[in-house]
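Trainee: File work-v4.txt below, compact mmCIF, C-alpha atoms:
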# COMPACT_ATOMS: atom_id res chain seq x y z
CA MET A 1 -51.29 9.11 14.00
CA THR A 2 -52.32 8.27 17.54
CA THR A 3 -55.05 5.80 18.56
CA PHE A 4 -57.10 8.73 19.93
CA SER A 5 -56.95 10.48 16.56
CA LYS A 6 -58.00 7.35 14.73
CA SER A 7 -61.01 6.79 16.99
CA SER A 8 -61.99 10.47 16.71
CA ILE A 9 -61.93 10.36 12.90
CA ILE A 10 -64.01 7.16 12.82
CA ARG A 11 -66.45 8.65 15.31
CA GLN A 12 -66.82 11.85 13.25
CA LEU A 13 -67.40 9.87 10.08
CA LEU A 14 -70.06 7.71 11.76
CA LEU A 15 -71.78 10.82 13.14
CA LEU A 16 -71.85 12.38 9.67
CA LEU A 17 -73.34 9.24 8.11
CA GLY A 18 -75.83 8.90 10.98
CA ALA A 19 -76.94 12.53 10.58
CA GLY A 20 -77.45 12.06 6.85
CA LEU A 21 -79.41 8.88 7.40
CA LEU A 22 -81.59 10.55 10.08
CA LEU A 23 -82.24 13.63 7.95
CA GLY A 24 -83.22 11.49 5.00
CA SER A 25 -85.56 9.44 7.18
CA LEU A 26 -87.46 12.58 8.16
CA PHE A 27 -88.36 13.08 4.51
CA GLY A 28 -88.96 9.40 3.91
CA LYS A 29 -85.73 8.99 1.86
CA PRO A 30 -83.00 7.62 4.17
CA PHE A 31 -80.67 6.45 1.38
CA LEU A 32 -80.84 9.85 -0.31
CA GLY A 33 -79.78 11.50 2.93
CA LEU A 34 -76.96 8.99 3.31
CA SER A 35 -75.81 9.66 -0.26
CA ILE A 36 -75.89 13.45 0.30
CA ALA A 37 -73.76 13.02 3.46
CA MET A 38 -71.21 10.82 1.71
CA GLY A 39 -71.08 13.15 -1.31
CA SER A 40 -70.54 16.14 0.92
CA TYR A 41 -67.68 14.35 2.69
CA PHE A 42 -66.18 13.38 -0.68
CA ILE A 43 -66.32 16.97 -1.96
CA TRP A 44 -64.76 18.23 1.28
CA SER A 45 -61.96 15.66 0.98
CA ILE A 46 -61.28 16.73 -2.62
CA ARG A 47 -60.98 20.35 -1.49
CA GLN A 48 -58.55 19.32 1.27
CA LEU A 49 -56.51 17.34 -1.26
CA ILE A 50 -56.34 20.39 -3.54
CA LYS A 51 -55.12 22.46 -0.56
CA LEU A 52 -52.46 19.86 0.15
CA LEU A 53 -51.22 19.88 -3.45
CA ASP A 54 -51.13 23.68 -3.55
CA TRP A 55 -49.17 23.75 -0.30
CA LEU A 56 -46.68 21.10 -1.44
CA ASN A 57 -46.13 22.83 -4.79
CA ASP A 58 -45.44 26.15 -3.11
CA PRO A 59 -41.63 26.89 -3.23
CA LYS A 60 -41.87 28.29 0.31
CA THR A 61 -43.54 25.18 1.75
CA SER A 62 -40.66 24.47 4.16
CA SER A 63 -41.16 27.84 5.87
CA LYS A 64 -44.92 28.19 5.41
CA GLU A 65 -47.48 26.95 7.89
CA PRO A 66 -49.82 24.18 6.60
CA PRO A 67 -53.42 25.03 5.68
CA GLU A 68 -56.02 24.95 8.42
CA SER A 69 -58.04 21.74 8.50
CA THR A 70 -59.69 19.31 10.88
CA GLY A 71 -60.12 15.58 11.23
CA LEU A 72 -58.13 13.24 9.02
CA TRP A 73 -56.76 15.94 6.76
CA GLY A 74 -55.68 18.05 9.69
CA GLU A 75 -53.58 15.12 10.91
CA VAL A 76 -52.10 14.65 7.40
CA PHE A 77 -51.11 18.34 7.16
CA ASP A 78 -49.53 18.34 10.62
CA SER A 79 -47.61 15.08 10.02
CA ILE A 80 -46.15 16.31 6.72
CA TYR A 81 -45.19 19.61 8.33
CA ARG A 82 -43.37 17.84 11.19
CA MET A 83 -41.54 15.59 8.68
CA GLN A 84 -40.44 18.64 6.70
CA LYS A 85 -39.11 20.32 9.83
CA ASN A 86 -37.15 17.20 10.86
CA HIS A 87 -35.84 16.77 7.33
CA GLY A 88 -34.78 20.40 7.22
CA ARG A 89 -32.86 20.11 10.48
CA SER A 90 -31.16 16.90 9.30
CA ARG A 91 -30.26 18.49 5.98
CA GLN A 92 -28.86 21.54 7.74
CA LYS A 93 -26.67 19.35 9.96
CA LEU A 94 -25.48 17.35 6.96
CA THR A 95 -24.71 20.53 5.06
CA MET A 96 -22.64 21.81 8.00
CA VAL A 97 -20.71 18.53 8.16
CA ILE A 98 -19.99 18.66 4.42
CA GLN A 99 -18.86 22.27 4.72
CA ARG A 100 -16.48 21.40 7.56
CA ILE A 101 -15.05 18.49 5.57
CA GLN A 102 -14.55 20.70 2.52
CA GLU A 103 -12.97 23.44 4.63
CA SER A 104 -10.57 20.99 6.30
CA THR A 105 -9.57 19.31 3.03
CA SER A 106 -9.15 22.71 1.41
CA ALA A 107 -6.57 23.53 4.09
CA LEU A 108 -4.50 20.42 3.30
CA SER A 109 -1.23 20.78 1.42
CA ASP A 110 -1.95 17.44 -0.28
CA GLY A 111 -4.36 17.33 -3.19
CA VAL A 112 -7.71 15.60 -2.62
CA VAL A 113 -9.81 14.54 -5.62
CA LEU A 114 -13.20 12.79 -5.61
CA ILE A 115 -13.93 10.65 -8.68
CA ASP A 116 -17.26 8.94 -9.35
CA HIS A 117 -17.88 5.42 -10.68
CA ASN A 118 -17.77 6.76 -14.27
CA HIS A 119 -14.23 8.08 -13.66
CA SER A 120 -15.51 11.67 -13.79
CA LEU A 121 -14.26 14.44 -11.52
CA GLU A 122 -16.74 15.39 -8.80
CA TRP A 123 -14.74 17.67 -6.48
CA TRP A 124 -11.16 18.68 -5.68
CA ASN A 125 -9.46 20.97 -3.18
CA PRO A 126 -7.25 23.97 -4.06
CA SER A 127 -4.03 21.96 -3.57
CA ALA A 128 -5.17 19.43 -6.20
CA ALA A 129 -5.96 22.29 -8.58
CA ALA A 130 -2.44 23.68 -8.13
CA LEU A 131 -0.66 20.30 -8.39
CA LEU A 132 -2.65 18.93 -11.34
CA GLY A 133 -3.68 22.12 -13.12
CA LEU A 134 -7.43 21.49 -12.65
CA GLN A 135 -9.80 24.35 -13.46
CA SER A 136 -13.30 24.88 -12.10
CA PRO A 137 -15.92 24.60 -13.49
CA ASP A 138 -14.46 23.59 -16.88
CA ASP A 139 -13.01 20.28 -15.63
CA GLN A 140 -16.06 19.37 -13.54
CA GLY A 141 -17.44 16.05 -14.83
CA GLN A 142 -14.43 15.39 -17.08
CA ASN A 143 -12.85 11.93 -17.22
CA ILE A 144 -9.71 11.91 -15.06
CA THR A 145 -7.65 10.05 -17.69
CA ASN A 146 -8.48 12.77 -20.22
CA LEU A 147 -6.91 15.37 -17.95
CA LEU A 148 -3.91 13.31 -16.73
CA ARG A 149 -2.60 11.81 -19.95
CA ASP A 150 0.55 10.12 -18.65
CA PRO A 151 0.32 6.46 -19.81
CA ARG A 152 1.65 5.28 -16.45
CA PHE A 153 -1.22 7.01 -14.65
CA ALA A 154 -3.79 5.61 -17.09
CA ASP A 155 -2.50 2.06 -16.55
CA TYR A 156 -2.37 2.54 -12.78
CA PHE A 157 -5.90 3.95 -12.66
CA GLU A 158 -7.48 1.36 -14.95
CA LEU A 159 -5.80 -1.73 -13.45
CA GLY A 160 -7.04 -0.87 -9.97
CA ARG A 161 -3.96 -2.19 -8.17
CA TYR A 162 -3.72 0.58 -5.61
CA GLN A 163 -1.70 -1.24 -2.92
CA LYS A 164 1.39 0.75 -3.96
CA ALA A 165 1.56 4.44 -4.72
CA LEU A 166 2.43 5.77 -8.17
CA GLU A 167 5.10 8.42 -8.71
CA ILE A 168 5.18 10.40 -11.95
CA PRO A 169 6.21 13.93 -12.98
CA SER A 170 3.69 16.70 -12.42
CA PRO A 171 1.56 17.56 -15.49
CA VAL A 172 2.16 21.28 -14.85
CA ASN A 173 5.83 21.15 -13.81
CA ASP A 174 8.29 18.60 -15.20
CA ASP A 175 10.72 19.28 -12.34
CA ALA A 176 8.16 18.26 -9.69
CA GLN A 177 7.45 14.66 -8.75
CA LEU A 178 3.95 13.68 -7.60
CA GLN A 179 2.82 10.64 -5.65
CA PHE A 180 -0.69 9.27 -6.24
CA ASN A 181 -2.62 7.16 -3.73
CA ILE A 182 -6.11 5.94 -4.69
CA THR A 183 -8.76 4.35 -2.46
CA ILE A 184 -12.01 2.83 -3.72
CA TYR A 185 -15.14 3.57 -1.68
CA GLY A 186 -18.88 3.22 -2.16
CA LYS A 187 -20.00 1.77 -5.50
CA GLY A 188 -16.88 2.26 -7.58
CA ASN A 189 -16.11 5.81 -6.40
CA ARG A 190 -12.48 6.77 -5.87
CA LEU A 191 -10.66 9.06 -3.45
CA MET A 192 -7.32 10.19 -4.88
CA ILE A 193 -4.62 11.80 -2.71
CA VAL A 194 -1.88 13.69 -4.56
CA ARG A 195 1.33 14.60 -2.76
CA ASP A 196 4.38 16.55 -3.89
CA VAL A 197 7.38 14.32 -3.09
CA THR A 198 9.97 16.34 -4.98
CA ARG A 199 11.82 17.36 -1.82
CA LEU A 200 11.77 13.82 -0.43
CA ASN A 201 13.20 12.45 -3.67
CA GLN A 202 15.92 15.10 -3.65
CA LEU A 203 16.85 14.16 -0.09
CA GLU A 204 16.93 10.48 -1.05
CA VAL A 205 19.23 11.24 -3.99
CA MET A 206 21.47 13.29 -1.69
CA ARG A 207 21.60 10.41 0.79
CA LYS A 208 22.51 7.90 -1.91
CA ASP A 209 25.18 10.20 -3.33
CA PHE A 210 26.59 10.82 0.13
CA VAL A 211 26.81 7.11 0.95
CA ALA A 212 28.35 6.32 -2.43
CA ASN A 213 30.91 9.13 -2.20
CA VAL A 214 31.91 8.37 1.38
CA SER A 215 32.21 4.66 0.63
CA HIS A 216 34.32 5.39 -2.42
CA GLU A 217 36.61 7.73 -0.48
CA LEU A 218 37.02 5.20 2.36
CA ARG A 219 37.98 2.37 0.06
CA THR A 220 41.49 3.66 -0.75
CA PRO A 221 42.67 4.44 2.82
CA LEU A 222 41.24 1.15 4.08
CA THR A 223 43.12 -0.72 1.37
CA VAL A 224 46.34 1.04 2.38
CA VAL A 225 45.82 0.30 6.08
CA ALA A 226 44.96 -3.35 5.41
CA GLY A 227 48.03 -3.68 3.17
CA TYR A 228 50.41 -2.32 5.78
CA LEU A 229 48.87 -4.48 8.50
CA GLU A 230 49.25 -7.58 6.35
CA THR A 231 52.89 -6.68 5.65
CA MET A 232 53.62 -6.13 9.34
CA LEU A 233 52.01 -9.43 10.32
CA ASP A 234 53.91 -11.29 7.62
CA ASN A 235 57.20 -9.92 9.00
CA LEU A 236 56.46 -11.01 12.55
CA GLY A 237 58.50 -14.02 13.60
CA PRO A 238 60.56 -15.52 16.40
CA ASP A 239 63.24 -12.85 15.94
CA SER A 240 60.78 -9.93 16.01
CA ASP A 241 61.43 -7.23 18.57
CA LEU A 242 57.70 -6.45 18.99
CA PRO A 243 56.13 -7.55 22.29
CA PRO A 244 53.51 -10.35 22.04
CA VAL A 245 50.75 -7.90 22.95
CA TRP A 246 51.43 -6.03 19.70
CA GLU A 247 50.87 -9.15 17.64
CA LYS A 248 47.42 -9.56 19.20
CA ALA A 249 46.65 -5.91 18.54
CA LEU A 250 47.77 -6.15 14.92
CA ASN A 251 45.61 -9.23 14.33
CA ARG A 252 42.62 -7.44 15.83
CA MET A 253 43.28 -4.40 13.66
CA GLN A 254 43.49 -6.56 10.56
CA GLU A 255 40.16 -8.24 11.39
CA GLN A 256 38.42 -4.89 11.80
CA SER A 257 39.97 -3.41 8.67
CA LEU A 258 38.75 -6.40 6.65
CA ARG A 259 35.33 -5.98 8.17
CA MET A 260 35.34 -2.30 7.19
CA GLN A 261 36.40 -3.24 3.66
CA ASN A 262 33.48 -5.67 3.40
CA LEU A 263 31.10 -3.01 4.68
CA VAL A 264 32.36 -0.45 2.15
CA ALA A 265 32.10 -3.03 -0.64
CA ASP A 266 28.47 -3.78 0.29
CA LEU A 267 27.61 -0.07 0.48
CA LEU A 268 29.12 0.51 -2.96
CA LEU A 269 27.19 -2.47 -4.33
CA LEU A 270 23.93 -1.15 -2.88
CA SER A 271 24.59 2.29 -4.37
CA LYS A 272 25.17 0.68 -7.74
CA LEU A 273 21.99 -1.39 -7.46
CA GLU A 274 19.97 1.77 -6.69
CA SER A 275 21.41 3.94 -9.46
CA ALA A 276 22.95 2.04 -12.36
CA GLU A 277 21.10 -0.08 -14.89
CA ALA A 278 21.47 -3.85 -14.62
CA ASN A 279 24.02 -5.37 -17.00
CA VAL A 280 22.39 -8.43 -18.52
CA ASP A 281 24.82 -11.21 -19.41
CA PRO A 282 24.35 -11.90 -23.14
CA ASN A 283 24.91 -15.65 -22.77
CA GLY A 284 22.63 -16.07 -19.76
CA ILE A 285 23.55 -17.43 -16.35
CA HIS A 286 23.91 -21.19 -15.90
CA LEU A 287 22.34 -21.50 -12.50
CA SER A 288 23.64 -24.95 -11.55
CA SER A 289 27.32 -24.09 -11.97
CA MET A 290 26.89 -20.78 -10.11
CA LEU A 291 25.14 -22.46 -7.18
CA GLN A 292 27.74 -25.23 -7.06
CA SER A 293 30.48 -22.63 -6.73
CA ILE A 294 28.53 -20.86 -3.96
CA VAL A 295 28.05 -24.18 -2.13
CA GLU A 296 31.82 -24.77 -2.17
CA ASP A 297 32.37 -21.28 -0.73
CA GLY A 298 29.74 -22.03 1.92
CA ARG A 299 31.51 -25.23 2.93
CA ALA A 300 34.79 -23.31 3.19
CA LEU A 301 33.06 -20.74 5.39
CA SER A 302 31.64 -23.52 7.56
CA GLY A 303 35.09 -25.04 8.10
CA GLU A 304 35.19 -27.04 11.31
CA ASN A 305 31.46 -26.48 11.96
CA GLN A 306 30.80 -29.21 9.38
CA HIS A 307 27.47 -27.94 8.07
CA GLN A 308 25.64 -30.28 5.71
CA ILE A 309 25.01 -28.19 2.59
CA SER A 310 22.95 -29.85 -0.15
CA LEU A 311 22.07 -28.59 -3.63
CA LYS A 312 19.27 -29.70 -5.95
CA CYS A 313 19.12 -27.90 -9.29
CA ASP A 314 18.76 -29.13 -12.88
CA ASP A 315 21.75 -28.55 -15.12
CA ASP A 316 19.69 -26.99 -17.92
CA ILE A 317 18.39 -23.94 -16.05
CA VAL A 318 19.55 -20.61 -17.48
CA LEU A 319 18.60 -17.25 -15.96
CA SER A 320 18.45 -13.93 -17.76
CA GLY A 321 20.05 -11.11 -15.81
CA SER A 322 23.28 -9.95 -14.22
CA GLY A 323 25.47 -12.82 -13.08
CA HIS A 324 27.46 -10.63 -10.69
CA GLU A 325 24.34 -9.33 -8.94
CA LEU A 326 22.62 -12.72 -8.72
CA ARG A 327 25.75 -14.37 -7.37
CA SER A 328 25.98 -11.68 -4.69
CA ALA A 329 22.34 -12.24 -3.71
CA PHE A 330 22.54 -16.03 -3.61
CA SER A 331 25.84 -15.95 -1.74
CA ASN A 332 24.36 -13.70 0.95
CA LEU A 333 21.49 -16.13 1.52
CA VAL A 334 23.74 -19.21 1.70
CA PHE A 335 26.39 -17.57 3.86
CA ASN A 336 23.74 -16.24 6.28
CA ALA A 337 22.31 -19.74 6.57
CA VAL A 338 25.78 -21.09 7.41
CA ARG A 339 26.52 -18.32 9.92
CA TYR A 340 23.28 -18.69 11.85
CA THR A 341 23.01 -22.47 11.84
CA PRO A 342 24.63 -24.34 14.74
CA LEU A 343 27.42 -26.90 14.45
CA GLY A 344 26.51 -29.77 12.09
CA GLY A 345 23.30 -28.07 10.92
CA LYS A 346 21.67 -28.55 7.53
CA VAL A 347 21.41 -26.03 4.72
CA LYS A 348 19.27 -26.99 1.71
CA ILE A 349 19.44 -25.14 -1.60
CA ARG A 350 16.75 -26.03 -4.14
CA TRP A 351 15.43 -24.75 -7.45
CA LYS A 352 11.78 -25.27 -8.32
CA GLN A 353 10.02 -24.29 -11.50
CA SER A 354 6.35 -23.77 -12.34
CA LYS A 355 4.19 -22.03 -14.95
CA GLU A 356 4.46 -18.73 -13.07
CA GLY A 357 8.27 -18.80 -13.02
CA GLY A 358 11.04 -20.19 -10.83
CA ARG A 359 11.99 -20.19 -7.16
CA LEU A 360 15.36 -20.49 -5.49
CA ILE A 361 14.86 -21.80 -1.96
CA VAL A 362 17.52 -21.57 0.76
CA GLU A 363 16.40 -23.37 3.91
CA ASP A 364 18.18 -24.16 7.16
CA ASN A 365 17.44 -25.70 10.55
CA GLY A 366 19.21 -22.97 12.49
CA VAL A 367 18.18 -20.69 15.33
CA GLY A 368 15.28 -19.17 13.40
CA ILE A 369 13.80 -15.68 13.55
CA ASP A 370 10.89 -14.27 15.50
CA PRO A 371 8.12 -13.40 12.95
CA GLN A 372 7.89 -9.85 14.34
CA HIS A 373 11.35 -9.09 12.88
CA ILE A 374 10.68 -10.47 9.38
CA PRO A 375 9.11 -7.31 7.85
CA ARG A 376 12.26 -5.33 8.71
CA LEU A 377 14.93 -7.88 7.84
CA THR A 378 15.62 -6.32 4.43
CA GLU A 379 16.24 -2.87 5.92
CA ARG A 380 19.81 -1.63 5.91
CA PHE A 381 21.75 -2.38 9.08
CA TYR A 382 18.72 -3.89 10.81
CA ARG A 383 19.98 -6.42 13.34
CA ILE A 384 17.96 -8.77 15.51
CA ASP A 385 20.88 -9.40 17.86
CA LYS A 386 23.72 -6.90 17.48
CA SER A 387 26.23 -8.91 19.46
CA ARG A 388 25.53 -12.06 17.46
CA SER A 389 25.86 -10.18 14.16
CA GLN A 390 29.24 -8.77 15.20
CA ASN A 391 30.46 -12.24 16.15
CA THR A 392 29.45 -13.66 12.77
CA GLY A 393 31.09 -10.83 10.87
CA GLY A 394 27.97 -9.65 9.04
CA THR A 395 27.58 -6.09 7.72
CA GLY A 396 23.80 -5.86 8.12
CA LEU A 397 23.42 -5.20 4.38
CA GLY A 398 23.14 -8.73 3.00
CA LEU A 399 19.36 -9.05 2.83
CA ALA A 400 19.02 -5.45 1.62
CA ILE A 401 21.26 -6.41 -1.31
CA VAL A 402 19.18 -9.53 -1.98
CA LYS A 403 15.98 -7.46 -2.01
CA HIS A 404 17.36 -4.89 -4.46
CA VAL A 405 18.77 -7.56 -6.77
CA MET A 406 15.42 -9.32 -6.89
CA LEU A 407 13.58 -6.07 -7.63
CA ARG A 408 16.00 -5.29 -10.47
CA HIS A 409 15.24 -8.71 -11.97
CA GLY A 410 11.48 -8.32 -11.64
CA GLY A 411 11.27 -10.76 -8.74
CA ARG A 412 10.72 -10.66 -5.01
CA LEU A 413 12.07 -12.16 -1.79
CA THR A 414 9.86 -13.90 0.79
CA ILE A 415 10.95 -15.00 4.26
CA SER A 416 9.38 -17.47 6.67
CA SER A 417 10.87 -18.47 10.00
CA HIS A 418 10.16 -19.34 13.62
CA PRO A 419 12.54 -19.43 16.59
CA GLY A 420 14.18 -22.83 16.94
CA LYS A 421 12.67 -24.12 13.68
CA GLY A 422 15.05 -22.66 11.12
CA SER A 423 14.46 -20.18 8.32
CA LYS A 424 13.35 -20.32 4.70
CA PHE A 425 14.28 -17.69 2.12
CA VAL A 426 12.65 -17.88 -1.31
CA CYS A 427 13.67 -15.85 -4.39
CA HIS A 428 10.73 -15.70 -6.80
CA PHE A 429 11.63 -15.12 -10.47
CA PRO A 430 9.05 -14.27 -13.15
CA ASP A 431 8.81 -16.44 -16.22
CA ARG A 432 10.54 -13.83 -18.39
CA CYS A 433 13.77 -14.29 -16.39
CA LEU A 434 13.91 -18.01 -17.17
CA GLU A 435 15.20 -19.83 -20.17
CA LEU A 436 15.34 -23.59 -20.73
CA VAL A 437 18.20 -25.00 -22.76
CA VAL A 438 19.34 -28.55 -23.36
CA ALA A 439 22.57 -29.30 -21.57
CA GLU A 440 25.33 -30.49 -23.90
What would you get if you wrote out this structure as structure tokens?
Mentor:
Amino acid sequence: MTTFSKSSIIRQLLLLLGAGLLLGSLFGKPFLGLSIAMGSYFIWSIRQLIKLLDWLNDPKTSSKEPPESTGLWGEVFDSIYRMQKNHGRSRQKLTMVIQRIQESTSALSDGVVLIDHNHSLEWWNPSAAALLGLQSPDDQGQNITNLLRDPRFADYFELGRYQKALEIPSPVNDDAQLQFNITIYGKGNRLMIVRDVTRLNQLEVMRKDFVANVSHELRTPLTVVAGYLETMLDNLGPDSDLPPVWEKALNRMQEQSLRMQNLVADLLLLSKLESAEANVDPNGIHLSSMLQSIVEDGRALSGENQHQISLKCDDDIVLSGSGHELRSAFSNLVFNAVRYTPLGGKVKIRWKQSKEGGRLIVEDNGVGIDPQHIPRLTERFYRIDKSRSQNTGGTGLGLAIVKHVMLRHGGRLTISSHPGKGSKFVCHFPDRCLELVVAE
């Protein structure tokens, strides 16, 4: 209400009271006249209030003009009417926005499901209905875990660890594989995205089978070629009729064939890690003796570079898992440290144990790695410096093997490094992989 309106209302009220007082004075009863004026104003206000209530209770209030009135009540009617108009326009805009959002999400091939803080279904798009078998309006307000009864989904939903997506078979088609991504918003509400990843999984299986088959088929001819090259080199001598240039060529061919054999062996190992179940050694793995053997191999690899390789591990540590896989993982870490550490560098291998589990730490003071490369180091064939990797004889699969071995044993690999300050690789093992025994 404006200042002018306020002053006008006060002026009108004073005039009414003055008129009542003057009229009463003419008859010698000023207070009676004042009372009649105030009573009349009170009755008029009650009538205006009744008009207001009738208008507000009318279902068509939003489209109906307010009752005619003057003074204070006229301002009240006009203010409420303006507020209703503004509210109606805002509600119309909001409704249009909601409609556009629903139309756009309805066009998505991925399922979109809104779940409230009580875990009840609020809304879903047609794709979600097709992928999950939801029916409207029967499933409206139902608990999501009552409709999706897979125990893996129930655990995933209740635990609230949504950093990683969940993949389970479709509840309406066992041959289809669905991926679930959940995001929490508001006060405990959840947005669930459902995606059909059946085709992607089929392509991934085809890729794995292709790599495994090609690697298997290459192994035999490479073995034959390497065998003949070794035989030819063994027969070379002072009386050989071959020109010296041939000897250099044969040595180069042998180096590359051995490199190809190592690459094929790593590819076959990766294929096995991705498909076959881990073979757990029944007697456990004595970590100290395994690491000592790896250290000796690392010193042999170092040769004239004279790396200082140290090992610190208690003799009574026994791991549960596959000895072949763990040896391959640990060897890759140690051999990488030797390859990428300059002449006379230090390589430290340590085992540390805590209540959460155990950690194998391989640390060096080598050339180090730029932190921007660390997230991709465990990708297949990812190389920071291709020329350097070729010179060291690496296949580009070592850290990928380490990552898969750790995942199969319920652990994880962490990497920290900076250029010129060396690198630190840590294999984290859960407590269930550890076993303490008393050394004899």
Trainee: Near range 188-196 of chain A, counting all atoms listed in the file, which residues have an atom at most 9 Å away, once you skip same-chain residues fewer than 2 positions from it, shown as a PyMOL selection string?
Mentor: chain A and resi 109-119+127-128+131-132+170+176-186+198-200
Trainee: Could you give me, as a list in words, the residues within 7 Å of range 248-250 of chain A, counting only C-alpha atoms and dropping anything in the same chain fewer than 4 positions from it?
Mentor: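 What passes the distance filter is Leu229, Pro244 and Gln254 of chain A.
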Trainee: Write out as a PDB file with C-alpha atoms, in the frame of the given file the residues lying within 9 Å of range 206-208 of chain A, counting only C-alpha atoms and excluding same-chain residues fewer than 6 positions away.
Mentor:
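File around.pdb, as written:
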ATOM      1  CA  SER A 271      24.590   2.290  -4.370  1.00  0.00           C
ATOM      2  CA  GLU A 274      19.970   1.770  -6.690  1.00  0.00           C
ATOM      3  CA  SER A 275      21.410   3.940  -9.460  1.00  0.00           C
TER       4      SER A 275
END
Trainee: For Glu68 in chain A, which residue out of A:Met406, A:Leu52, A:Leu311, A:Val224 is the nearest one, using all atoms listed in the file?
Mentor: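 For Glu68 in chain A, the nearest of the candidates is A:Leu52.
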Trainee: If you take all atoms listed in the file and a cut-off of 12 Å, which residues of range 229-296 of chain A touch range 338-351 of chain A, and what are their nearest atom pairs and distances in Å to one decimal, in chain and number order, as JSON lines?
Mentor:
{"residue": "A:Leu287", "atom": "CA", "partner": "A:Trp351", "partner_atom": "CA", "distance": 9.2}
{"residue": "A:Ser288", "atom": "CA", "partner": "A:Trp351", "partner_atom": "CA", "distance": 9.2}
{"residue": "A:Leu291", "atom": "CA", "partner": "A:Ile349", "partner_atom": "CA", "distance": 8.4}
{"residue": "A:Gln292", "atom": "CA", "partner": "A:Ile349", "partner_atom": "CA", "distance": 9.9}
{"residue": "A:Ile294", "atom": "CA", "partner": "A:Ile349", "partner_atom": "CA", "distance": 10.3}
{"residue": "A:Val295", "atom": "CA", "partner": "A:Ile349", "partner_atom": "CA", "distance": 8.7}
{"residue": "A:Glu296", "atom": "CA", "partner": "A:Val338", "partner_atom": "CA", "distance": 11.9}
Trainee: Could you work out how far CA of Cys427 in chain A lies from CA of Arg359 in chain A, giving the answer in Å with one decimal?
Mentor: 5.4 Å
Trainee: What gap, in Å, lies between CA of His216 in chain A and CA of Phe335 in chain A?
Mentor: 25.1 Å
Trainee: What's the separation between CA of Pro282 in chain A and CA of Leu397 in chain A, in Å to one decimal place?
Mentor: 28.3 Å
Trainee: Residues within 8 Å of (25.6, -8.2, -6.0), file coordinates, counting only C-alpha atoms: what are they? Give the list as a ChimeraX atom specification.
Mentor: /A:269-270,273,324-329,401-402,405
Trainee: Write out as a ChimeraX atom specification each polymer residue whose atoms come within 9 Å of range 369-371 of chain A, counting only C-alpha atoms; drop sequence neighbours fewer than 2 positions from it.
Mentor: /A:367,373-375,384,416-423
Trainee: Could those selected residues go to a file with C-alpha atoms, as a CSV table (one decimal), keeping the file's coordinate frame?
Mentor:
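The file below, part.csv, is the result:
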chain,number,residue,atom,x,y,z
A,367,VAL,CA,18.2,-20.7,15.3
A,373,HIS,CA,11.4,-9.1,12.9
A,374,ILE,CA,10.7,-10.5,9.4
A,375,PRO,CA,9.1,-7.3,7.8
A,384,ILE,CA,18.0,-8.8,15.5
A,416,SER,CA,9.4,-17.5,6.7
A,417,SER,CA,10.9,-18.5,10.0
A,418,HIS,CA,10.2,-19.3,13.6
A,419,PRO,CA,12.5,-19.4,16.6
A,420,GLY,CA,14.2,-22.8,16.9
A,421,LYS,CA,12.7,-24.1,13.7
A,422,GLY,CA,15.0,-22.7,11.1
A,423,SER,CA,14.5,-20.2,8.3
Trainee: Counting only C-alpha atoms, find residues at most 12 Å from (-71.3, 14.1, 9.3) (file frame) and give them as a PDB file with C-alpha atoms, in the frame of the given file.
Mentor:
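Saved to result36.pdb:
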ATOM      1  CA  ILE A   9     -61.930  10.360  12.900  1.00  0.00           C
ATOM      2  CA  ILE A  10     -64.010   7.160  12.820  1.00  0.00           C
ATOM      3  CA  ARG A  11     -66.450   8.650  15.310  1.00  0.00           C
ATOM      4  CA  GLN A  12     -66.820  11.850  13.250  1.00  0.00           C
ATOM      5  CA  LEU A  13     -67.400   9.870  10.080  1.00  0.00           C
ATOM      6  CA  LEU A  14     -70.060   7.710  11.760  1.00  0.00           C
ATOM      7  CA  LEU A  15     -71.780  10.820  13.140  1.00  0.00           C
ATOM      8  CA  LEU A  16     -71.850  12.380   9.670  1.00  0.00           C
ATOM      9  CA  LEU A  17     -73.340   9.240   8.110  1.00  0.00           C
ATOM     10  CA  GLY A  18     -75.830   8.900  10.980  1.00  0.00           C
ATOM     11  CA  ALA A  19     -76.940  12.530  10.580  1.00  0.00           C
ATOM     12  CA  GLY A  20     -77.450  12.060   6.850  1.00  0.00           C
ATOM     13  CA  LEU A  21     -79.410   8.880   7.400  1.00  0.00           C
ATOM     14  CA  LEU A  22     -81.590  10.550  10.080  1.00  0.00           C
ATOM     15  CA  LEU A  23     -82.240  13.630   7.950  1.00  0.00           C
ATOM     16  CA  GLY A  33     -79.780  11.500   2.930  1.00  0.00           C
ATOM     17  CA  LEU A  34     -76.960   8.990   3.310  1.00  0.00           C
ATOM     18  CA  SER A  35     -75.810   9.660  -0.260  1.00  0.00           C
ATOM     19  CA  ILE A  36     -75.890  13.450   0.300  1.00  0.00           C
ATOM     20  CA  ALA A  37     -73.760  13.020   3.460  1.00  0.00           C
ATOM     21  CA  MET A  38     -71.210  10.820   1.710  1.00  0.00           C
ATOM     22  CA  GLY A  39     -71.080  13.150  -1.310  1.00  0.00           C
ATOM     23  CA  SER A  40     -70.540  16.140   0.920  1.00  0.00           C
ATOM     24  CA  TYR A  41     -67.680  14.350   2.690  1.00  0.00           C
ATOM     25  CA  PHE A  42     -66.180  13.380  -0.680  1.00  0.00           C
ATOM     26  CA  TRP A  44     -64.760  18.230   1.280  1.00  0.00           C
ATOM     27  CA  GLY A  71     -60.120  15.580  11.230  1.00  0.00           C
TER      28      GLY A  71
END
